[in-house]
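Chemist: I have a structure here, written as structure tokens, and I will follow up with some questions on it.
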Amino acid sequence: MPDSDLARCWCVIPAAGRGTRMGAALPKQYLDLAGQPLLLHTLQRLARHPRIAGLLVVLAADDARWPGIRQLADKPVLTATGGAERADSVLAGLCALPDTVLAQECVLVHDAARPLLRAEDLERLVQAGLTHPHGAILAAPVRDTLKRADAAGCIAATEPRAGLWHALTPQMARRGDLERALVSAAEAGVAITDEAMALERIGLHPRLVEGSADNLKITTPADLAYAEFWLAHND
């Protein structure tokens, strides 16, 4: 199928966080990764995929480091101002999408600090999300043994891992569904940790699409070192 016939989606990238767990002097999305800001790696990887129609980057109100990018790989790059929490920023990004992105059309949300997204994972996600009415998310099955701790930090129980998944991004949903889900959670005062959680609250059940476990979210200096190694050995 030629690229011109592919269904394309806009992607919202919340990038208003501070990344305090990195212990760095600047937000983690601007840390150097293989010679350029981590955020730029993420945006470039998304923009060069034929499924992506455009990027909407959500920035902190006082972000002075954004380089003013308006286009990547011939795709438009727009910006919006985020809120105090991730869910606030995602909602701000959805509201700032072009009017041509209709309520029934699919959108993606991807973490700014996940620069190692594989093109084939994104392709399988979009294919699944377009056919499933409740959208889809990339995720990885839990393979490690899980332990529940007690208040003293000792093992209280071993938890069965069957049916458990690590949620990754991108996560994909119809624009109208995700906006409605995030507004509902905000009005109820519920802290939302990912887009799928918001959709679950309003009775929607996104499909799980297995993605690569190396699609990690950069959180620690060790993650950053791994990402540099990964980029040196993958295209």
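Residues are referred to by chain and number: the chain letter is A, B, ... according to the order shown in the structure tokens, the number counts from 1 in that chain, and ligands are numbered separately from 1 in the order shown.
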What's the 9 Å shell around Leu122 in chain A, counting only C-alpha atoms, without same-chain residues fewer than 3 positions away, as JSON, numbers by chain?
Modeler: {"A": [46, 49, 51, 117, 118, 119, 125, 126, 127, 138, 170, 211]}
Chemist: Output N, CA and C atoms for every residue in that selection, as an mmCIF file, in the first residue's frame.
Modeler:
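File produced: selection33.cif:
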data_model
loop_
_atom_site.group_PDB
_atom_site.id
_atom_site.type_symbol
_atom_site.label_atom_id
_atom_site.label_comp_id
_atom_site.auth_asym_id
_atom_site.auth_seq_id
_atom_site.Cartn_x
_atom_site.Cartn_y
_atom_site.Cartn_z
ATOM 1 N N LEU A 46 8.958 9.803 15.794
ATOM 2 C CA LEU A 46 7.539 9.840 15.458
ATOM 3 C C LEU A 46 7.319 10.437 14.062
ATOM 4 N N HIS A 49 7.682 8.454 10.776
ATOM 5 C CA HIS A 49 6.804 7.308 10.522
ATOM 6 C C HIS A 49 5.651 7.740 9.611
ATOM 7 N N ARG A 51 2.682 6.865 9.408
ATOM 8 C CA ARG A 51 1.358 6.916 10.052
ATOM 9 C C ARG A 51 1.089 8.241 10.763
ATOM 10 N N LEU A 117 11.027 4.241 20.587
ATOM 11 C CA LEU A 117 9.866 3.597 19.969
ATOM 12 C C LEU A 117 10.252 2.978 18.627
ATOM 13 N N ARG A 118 9.910 1.717 18.444
ATOM 14 C CA ARG A 118 10.200 1.015 17.190
ATOM 15 C C ARG A 118 9.087 1.277 16.173
ATOM 16 N N ALA A 119 9.476 1.497 14.929
ATOM 17 C CA ALA A 119 8.512 1.809 13.871
ATOM 18 C C ALA A 119 7.492 0.684 13.704
ATOM 19 N N LEU A 125 0.314 -0.898 16.423
ATOM 20 C CA LEU A 125 -0.606 -0.173 17.297
ATOM 21 C C LEU A 125 -1.678 0.536 16.492
ATOM 22 N N VAL A 126 -1.271 1.270 15.466
ATOM 23 C CA VAL A 126 -2.241 2.024 14.671
ATOM 24 C C VAL A 126 -3.209 1.081 13.967
ATOM 25 N N GLN A 127 -2.711 -0.004 13.432
ATOM 26 C CA GLN A 127 -3.597 -0.957 12.776
ATOM 27 C C GLN A 127 -4.645 -1.478 13.757
ATOM 28 N N LEU A 138 0.173 0.367 23.401
ATOM 29 C CA LEU A 138 1.318 -0.534 23.443
ATOM 30 C C LEU A 138 1.550 -0.949 24.892
ATOM 31 N N PRO A 170 3.115 4.737 22.519
ATOM 32 C CA PRO A 170 1.883 5.508 22.430
ATOM 33 C C PRO A 170 0.640 4.746 22.895
ATOM 34 N N GLY A 211 4.223 -4.556 22.664
ATOM 35 C CA GLY A 211 5.307 -3.760 22.132
ATOM 36 C C GLY A 211 6.634 -4.196 22.717
#
Chemist: Within 8 Å of range 35-44 of chain A, which residues of range 54-151 of chain A show up? Give each one with its shortest atom-to-atom distance in Å (one decimal) and the two atoms involved, counting only C-alpha atoms, rows by chain then rising residue number, as CSV.
Modeler:
residue,atom,partner,partner_atom,distance
A:Leu55,CA,A:Leu43,CA,7.7
A:Leu72,CA,A:Gln44,CA,6.7
A:Ala73,CA,A:Gln44,CA,7.6
A:Ala112,CA,A:Leu39,CA,5.7
A:Ala113,CA,A:Leu39,CA,6.5
A:Arg114,CA,A:Thr42,CA,6.3
A:Pro115,CA,A:Thr42,CA,4.1
A:Leu116,CA,A:Thr42,CA,7.3
A:Leu117,CA,A:Thr42,CA,7.8
Chemist: Would you put the residues from that selection into a file with all heavy atoms, as a PDB file, in the first residue's frame?
Modeler:
ATOM      1  N   LEU A  55       2.461  16.589  14.810  1.00  0.00           N
ATOM      2  CA  LEU A  55       2.834  16.484  16.215  1.00  0.00           C
ATOM      3  C   LEU A  55       2.337  17.703  16.974  1.00  0.00           C
ATOM      4  O   LEU A  55       2.462  18.834  16.494  1.00  0.00           O
ATOM      5  CB  LEU A  55       4.351  16.378  16.367  1.00  0.00           C
ATOM      6  CG  LEU A  55       5.047  15.244  15.595  1.00  0.00           C
ATOM      7  CD1 LEU A  55       6.555  15.366  15.749  1.00  0.00           C
ATOM      8  CD2 LEU A  55       4.561  13.887  16.080  1.00  0.00           C
ATOM      9  N   LEU A  72       8.900  18.779  11.074  1.00  0.00           N
ATOM     10  CA  LEU A  72       9.872  17.697  11.077  1.00  0.00           C
ATOM     11  C   LEU A  72       9.428  16.675  10.033  1.00  0.00           C
ATOM     12  O   LEU A  72       8.250  16.295  10.010  1.00  0.00           O
ATOM     13  CB  LEU A  72       9.949  17.014  12.445  1.00  0.00           C
ATOM     14  CG  LEU A  72      10.731  17.726  13.558  1.00  0.00           C
ATOM     15  CD1 LEU A  72      10.541  16.982  14.878  1.00  0.00           C
ATOM     16  CD2 LEU A  72      12.215  17.825  13.217  1.00  0.00           C
ATOM     17  N   ALA A  73      10.353  16.242   9.191  1.00  0.00           N
ATOM     18  CA  ALA A  73      10.054  15.255   8.153  1.00  0.00           C
ATOM     19  C   ALA A  73       8.811  15.660   7.358  1.00  0.00           C
ATOM     20  O   ALA A  73       7.955  14.818   7.059  1.00  0.00           O
ATOM     21  CB  ALA A  73       9.868  13.871   8.777  1.00  0.00           C
ATOM     22  N   ALA A 112       7.133  12.079  26.072  1.00  0.00           N
ATOM     23  CA  ALA A 112       8.295  12.789  25.534  1.00  0.00           C
ATOM     24  C   ALA A 112       9.590  12.051  25.842  1.00  0.00           C
ATOM     25  O   ALA A 112      10.560  12.142  25.083  1.00  0.00           O
ATOM     26  CB  ALA A 112       8.343  14.203  26.114  1.00  0.00           C
ATOM     27  N   ALA A 113       9.620  11.335  26.957  1.00  0.00           N
ATOM     28  CA  ALA A 113      10.845  10.670  27.408  1.00  0.00           C
ATOM     29  C   ALA A 113      10.920   9.210  26.971  1.00  0.00           C
ATOM     30  O   ALA A 113      11.617   8.408  27.595  1.00  0.00           O
ATOM     31  CB  ALA A 113      10.962  10.769  28.928  1.00  0.00           C
ATOM     32  N   ARG A 114      10.223   8.861  25.886  1.00  0.00           N
ATOM     33  CA  ARG A 114      10.360   7.516  25.296  1.00  0.00           C
ATOM     34  C   ARG A 114      10.914   7.667  23.873  1.00  0.00           C
ATOM     35  O   ARG A 114      10.163   7.657  22.904  1.00  0.00           O
ATOM     36  CB  ARG A 114       9.013   6.791  25.269  1.00  0.00           C
ATOM     37  CG  ARG A 114       8.501   6.357  26.626  1.00  0.00           C
ATOM     38  CD  ARG A 114       7.278   5.466  26.490  1.00  0.00           C
ATOM     39  NE  ARG A 114       6.601   5.257  27.742  1.00  0.00           N
ATOM     40  CZ  ARG A 114       6.836   4.239  28.581  1.00  0.00           C
ATOM     41  NH1 ARG A 114       7.732   3.333  28.250  1.00  0.00           N
ATOM     42  NH2 ARG A 114       6.176   4.138  29.710  1.00  0.00           N
ATOM     43  N   PRO A 115      12.241   7.783  23.749  1.00  0.00           N
ATOM     44  CA  PRO A 115      12.837   8.028  22.432  1.00  0.00           C
ATOM     45  C   PRO A 115      13.152   6.765  21.637  1.00  0.00           C
ATOM     46  O   PRO A 115      13.695   6.863  20.536  1.00  0.00           O
ATOM     47  CB  PRO A 115      14.134   8.759  22.790  1.00  0.00           C
ATOM     48  CG  PRO A 115      14.548   8.128  24.088  1.00  0.00           C
ATOM     49  CD  PRO A 115      13.252   7.853  24.825  1.00  0.00           C
ATOM     50  N   LEU A 116      12.821   5.584  22.175  1.00  0.00           N
ATOM     51  CA  LEU A 116      13.248   4.331  21.537  1.00  0.00           C
ATOM     52  C   LEU A 116      12.091   3.564  20.901  1.00  0.00           C
ATOM     53  O   LEU A 116      12.192   2.359  20.680  1.00  0.00           O
ATOM     54  CB  LEU A 116      13.957   3.437  22.564  1.00  0.00           C
ATOM     55  CG  LEU A 116      15.069   4.088  23.383  1.00  0.00           C
ATOM     56  CD1 LEU A 116      15.731   3.061  24.290  1.00  0.00           C
ATOM     57  CD2 LEU A 116      16.100   4.760  22.479  1.00  0.00           C
ATOM     58  N   LEU A 117      11.027   4.241  20.587  1.00  0.00           N
ATOM     59  CA  LEU A 117       9.866   3.597  19.969  1.00  0.00           C
ATOM     60  C   LEU A 117      10.252   2.978  18.627  1.00  0.00           C
ATOM     61  O   LEU A 117      10.825   3.643  17.762  1.00  0.00           O
ATOM     62  CB  LEU A 117       8.755   4.630  19.765  1.00  0.00           C
ATOM     63  CG  LEU A 117       7.515   4.183  18.999  1.00  0.00           C
ATOM     64  CD1 LEU A 117       6.767   3.090  19.758  1.00  0.00           C
ATOM     65  CD2 LEU A 117       6.604   5.379  18.737  1.00  0.00           C
TER      66      LEU A 117
END
Chemist: Do you know which residues are at most 8 Å from Leu164 in chain A counting only C-alpha atoms, after dropping those on the same chain fewer than 2 positions away, and could you put them as a list in words?
Modeler: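 Result of the neighbour search: Pro141, Val142, Arg161, Ala162 and His166 of chain A.
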Chemist: Rounded to one decimal in Å, what is the spacing between CA of Leu97 in chain A and CA of Thr81 in chain A?
Modeler: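 Atom-to-atom, CA of Leu97 in chain A to CA of Thr81 in chain A, that is 12.3 Å.
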Chemist: Might you pull out every residue within 9 Å of range 191-196 of chain A, with only C-alpha atoms counted and same-chain residues fewer than 6 positions away left off, and present them as a list in words?
Modeler: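 These residues fall inside the cut-off: Glu85, Arg86, Ala87, Val90, Val109, Gly135, Ala136, Ile137, Ala167, Thr169, Gln171, Met172, Ala173, Leu178, Ala181, Leu182, Ala185, Leu204, His205 and Pro206 of chain A.
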Chemist: Keeping only N, CA, C and O atoms, write those residues as an mmCIF file, in the first residue's frame.
Modeler:
data_model
loop_
_atom_site.group_PDB
_atom_site.id
_atom_site.type_symbol
_atom_site.label_atom_id
_atom_site.label_comp_id
_atom_site.auth_asym_id
_atom_site.auth_seq_id
_atom_site.Cartn_x
_atom_site.Cartn_y
_atom_site.Cartn_z
ATOM 1 N N GLU A 85 -0.545 18.589 35.925
ATOM 2 C CA GLU A 85 -0.393 17.137 35.852
ATOM 3 C C GLU A 85 -0.377 16.678 34.405
ATOM 4 O O GLU A 85 -0.821 17.407 33.506
ATOM 5 N N ARG A 86 0.102 15.457 34.202
ATOM 6 C CA ARG A 86 0.177 14.910 32.848
ATOM 7 C C ARG A 86 -1.185 14.940 32.161
ATOM 8 O O ARG A 86 -1.307 15.343 31.004
ATOM 9 N N ALA A 87 -2.233 14.505 32.884
ATOM 10 C CA ALA A 87 -3.564 14.465 32.276
ATOM 11 C C ALA A 87 -4.016 15.851 31.835
ATOM 12 O O ALA A 87 -4.668 15.998 30.792
ATOM 13 N N VAL A 90 -2.203 16.551 28.559
ATOM 14 C CA VAL A 90 -2.754 15.788 27.436
ATOM 15 C C VAL A 90 -4.072 16.417 26.974
ATOM 16 O O VAL A 90 -4.309 16.595 25.776
ATOM 17 N N VAL A 109 -1.079 9.422 21.910
ATOM 18 C CA VAL A 109 -0.389 10.167 22.966
ATOM 19 C C VAL A 109 0.884 9.390 23.274
ATOM 20 O O VAL A 109 0.838 8.177 23.520
ATOM 21 N N GLY A 135 -9.997 1.943 20.931
ATOM 22 C CA GLY A 135 -8.597 2.310 20.832
ATOM 23 C C GLY A 135 -7.670 1.182 21.242
ATOM 24 O O GLY A 135 -8.077 0.026 21.382
ATOM 25 N N ALA A 136 -6.393 1.520 21.457
ATOM 26 C CA ALA A 136 -5.383 0.508 21.763
ATOM 27 C C ALA A 136 -4.188 1.181 22.420
ATOM 28 O O ALA A 136 -3.985 2.390 22.292
ATOM 29 N N ILE A 137 -3.403 0.373 23.125
ATOM 30 C CA ILE A 137 -2.161 0.877 23.722
ATOM 31 C C ILE A 137 -1.049 -0.132 23.489
ATOM 32 O O ILE A 137 -1.295 -1.340 23.396
ATOM 33 N N ALA A 167 2.027 -0.985 31.000
ATOM 34 C CA ALA A 167 1.516 -0.034 30.008
ATOM 35 C C ALA A 167 2.670 0.797 29.460
ATOM 36 O O ALA A 167 3.492 1.325 30.211
ATOM 37 N N THR A 169 3.688 3.593 25.902
ATOM 38 C CA THR A 169 3.066 4.522 24.952
ATOM 39 C C THR A 169 3.763 4.327 23.613
ATOM 40 O O THR A 169 4.888 3.810 23.574
ATOM 41 N N GLN A 171 -0.362 5.566 23.272
ATOM 42 C CA GLN A 171 -1.711 5.074 23.523
ATOM 43 C C GLN A 171 -2.628 5.786 22.544
ATOM 44 O O GLN A 171 -2.415 6.958 22.221
ATOM 45 N N MET A 172 -3.627 5.075 22.063
ATOM 46 C CA MET A 172 -4.411 5.564 20.925
ATOM 47 C C MET A 172 -5.898 5.496 21.235
ATOM 48 O O MET A 172 -6.386 4.521 21.825
ATOM 49 N N ALA A 173 -6.629 6.532 20.877
ATOM 50 C CA ALA A 173 -8.071 6.571 21.111
ATOM 51 C C ALA A 173 -8.704 7.570 20.155
ATOM 52 O O ALA A 173 -8.012 8.384 19.532
ATOM 53 N N LEU A 178 -11.337 10.391 24.241
ATOM 54 C CA LEU A 178 -10.272 10.713 25.191
ATOM 55 C C LEU A 178 -10.514 12.059 25.858
ATOM 56 O O LEU A 178 -10.295 12.209 27.071
ATOM 57 N N ALA A 181 -13.159 11.436 28.462
ATOM 58 C CA ALA A 181 -12.641 10.650 29.584
ATOM 59 C C ALA A 181 -11.778 11.499 30.504
ATOM 60 O O ALA A 181 -11.870 11.400 31.741
ATOM 61 N N LEU A 182 -10.941 12.359 29.939
ATOM 62 C CA LEU A 182 -10.065 13.191 30.761
ATOM 63 C C LEU A 182 -10.848 14.267 31.510
ATOM 64 O O LEU A 182 -10.550 14.576 32.673
ATOM 65 N N ALA A 185 -12.585 12.558 34.470
ATOM 66 C CA ALA A 185 -11.666 12.268 35.574
ATOM 67 C C ALA A 185 -11.319 13.540 36.334
ATOM 68 O O ALA A 185 -11.258 13.541 37.574
ATOM 69 N N LEU A 204 -14.738 2.190 28.630
ATOM 70 C CA LEU A 204 -14.094 1.753 27.395
ATOM 71 C C LEU A 204 -12.927 0.821 27.712
ATOM 72 O O LEU A 204 -12.292 0.938 28.765
ATOM 73 N N HIS A 205 -12.636 -0.079 26.805
ATOM 74 C CA HIS A 205 -11.622 -1.107 27.062
ATOM 75 C C HIS A 205 -10.663 -1.196 25.866
ATOM 76 O O HIS A 205 -10.868 -1.990 24.944
ATOM 77 N N PRO A 206 -9.605 -0.381 25.867
ATOM 78 C CA PRO A 206 -8.655 -0.406 24.752
ATOM 79 C C PRO A 206 -7.992 -1.779 24.602
ATOM 80 O O PRO A 206 -7.834 -2.521 25.581
#
Chemist: If we count only C-alpha atoms, what is near Val12 in chain A at a cut-off of 8 Å, once residues fewer than 3 positions away on the same chain are taken out, given as a list in words?
Modeler: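 Non-adjacent residues within range: Leu55, Leu56, Val57, Val58, Val90, Gly93, Leu94, Val107, Leu108, Val109 and His110 of chain A.
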Chemist: Which one is closest to Glu123 in chain A: A:Gly54, A:Ala7, A:Ala61, A:Ala84? Count only C-alpha atoms.
Modeler: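 When distances to Glu123 in chain A are compared using only C-alpha atoms, the smallest one comes from A:Ala7.
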Chemist: As an exercise, work out the distance from CA of Glu200 in chain A to CA of Ser184 in chain A in Å and give it to one decimal place.
Modeler: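 Spanning CA of Glu200 in chain A to CA of Ser184 in chain A is a straight-line distance of 11.3 Å.
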Chemist: Please identify which residues in range 9-229 of chain A DSSP calls helix (DSSP H, G or I) from the backbone, and express them as a ChimeraX atom specification.
Modeler: /A:20-22,28-30,38-47,86-96,119-131,175-188,195-201,221-229
Chemist: Would you please extract all strand (DSSP E or B) residues from range 149-186 of chain A, as assigned by DSSP on the backbone, and give them as an mmCIF file with N, CA and C atoms, in the first residue's frame?
Modeler:
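Listed below is the output, states-v2.cif:
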data_model
loop_
_atom_site.group_PDB
_atom_site.id
_atom_site.type_symbol
_atom_site.label_atom_id
_atom_site.label_comp_id
_atom_site.auth_asym_id
_atom_site.auth_seq_id
_atom_site.Cartn_x
_atom_site.Cartn_y
_atom_site.Cartn_z
ATOM 1 N N ALA A 149 4.848 -5.946 49.172
ATOM 2 C CA ALA A 149 5.570 -5.648 50.405
ATOM 3 C C ALA A 149 4.610 -5.266 51.522
ATOM 4 N N ILE A 155 8.530 -9.079 52.349
ATOM 5 C CA ILE A 155 7.585 -9.693 51.428
ATOM 6 C C ILE A 155 6.336 -10.137 52.182
ATOM 7 N N ALA A 156 5.189 -9.670 51.707
ATOM 8 C CA ALA A 156 3.916 -10.091 52.280
ATOM 9 C C ALA A 156 3.277 -11.198 51.452
ATOM 10 N N ALA A 157 3.508 -11.167 50.152
ATOM 11 C CA ALA A 157 2.888 -12.169 49.279
ATOM 12 C C ALA A 157 3.535 -12.126 47.913
ATOM 13 N N THR A 158 3.406 -13.240 47.191
ATOM 14 C CA THR A 158 3.775 -13.303 45.782
ATOM 15 C C THR A 158 2.501 -13.163 44.966
ATOM 16 N N GLU A 159 2.498 -12.208 44.047
ATOM 17 C CA GLU A 159 1.301 -11.922 43.269
ATOM 18 C C GLU A 159 1.339 -12.662 41.930
ATOM 19 N N TRP A 165 0.109 -6.611 32.517
ATOM 20 C CA TRP A 165 0.901 -5.971 31.470
ATOM 21 C C TRP A 165 1.478 -4.664 31.991
ATOM 22 N N HIS A 166 2.666 -4.313 31.500
ATOM 23 C CA HIS A 166 3.223 -2.978 31.705
ATOM 24 C C HIS A 166 2.675 -2.069 30.608
ATOM 25 N N ALA A 167 2.027 -0.985 31.000
ATOM 26 C CA ALA A 167 1.516 -0.034 30.008
ATOM 27 C C ALA A 167 2.670 0.797 29.460
ATOM 28 N N LEU A 168 2.726 0.916 28.141
ATOM 29 C CA LEU A 168 3.709 1.734 27.450
ATOM 30 C C LEU A 168 2.974 2.845 26.700
ATOM 31 N N THR A 169 3.688 3.593 25.902
ATOM 32 C CA THR A 169 3.066 4.522 24.952
ATOM 33 C C THR A 169 3.763 4.327 23.613
ATOM 34 N N PRO A 170 3.115 4.737 22.519
ATOM 35 C CA PRO A 170 1.883 5.508 22.430
ATOM 36 C C PRO A 170 0.640 4.746 22.895
ATOM 37 N N GLN A 171 -0.362 5.566 23.272
ATOM 38 C CA GLN A 171 -1.711 5.074 23.523
ATOM 39 C C GLN A 171 -2.628 5.786 22.544
ATOM 40 N N MET A 172 -3.627 5.075 22.063
ATOM 41 C CA MET A 172 -4.411 5.564 20.925
ATOM 42 C C MET A 172 -5.898 5.496 21.235
ATOM 43 N N ALA A 173 -6.629 6.532 20.877
ATOM 44 C CA ALA A 173 -8.071 6.571 21.111
ATOM 45 C C ALA A 173 -8.704 7.570 20.155
ATOM 46 N N ARG A 174 -10.036 7.515 20.055
ATOM 47 C CA ARG A 174 -10.748 8.559 19.321
ATOM 48 C C ARG A 174 -10.619 9.865 20.095
#
Chemist: Can you work out which one of A:Ile202, A:Ala222, A:Ala53, A:Ala140 has the shortest atom-to-atom distance to Ala188 in chain A, counting only C-alpha atoms?
Modeler: A:Ile202
Chemist: Using only C-alpha atoms, find the one residue out of A:Ala232, A:Leu33, A:Ala198, A:Ala16 that sits nearest to Ala186 in chain A.
Modeler: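 Looking only at the distances to Ala186 in chain A, the closest residue turns out to be A:Ala198.
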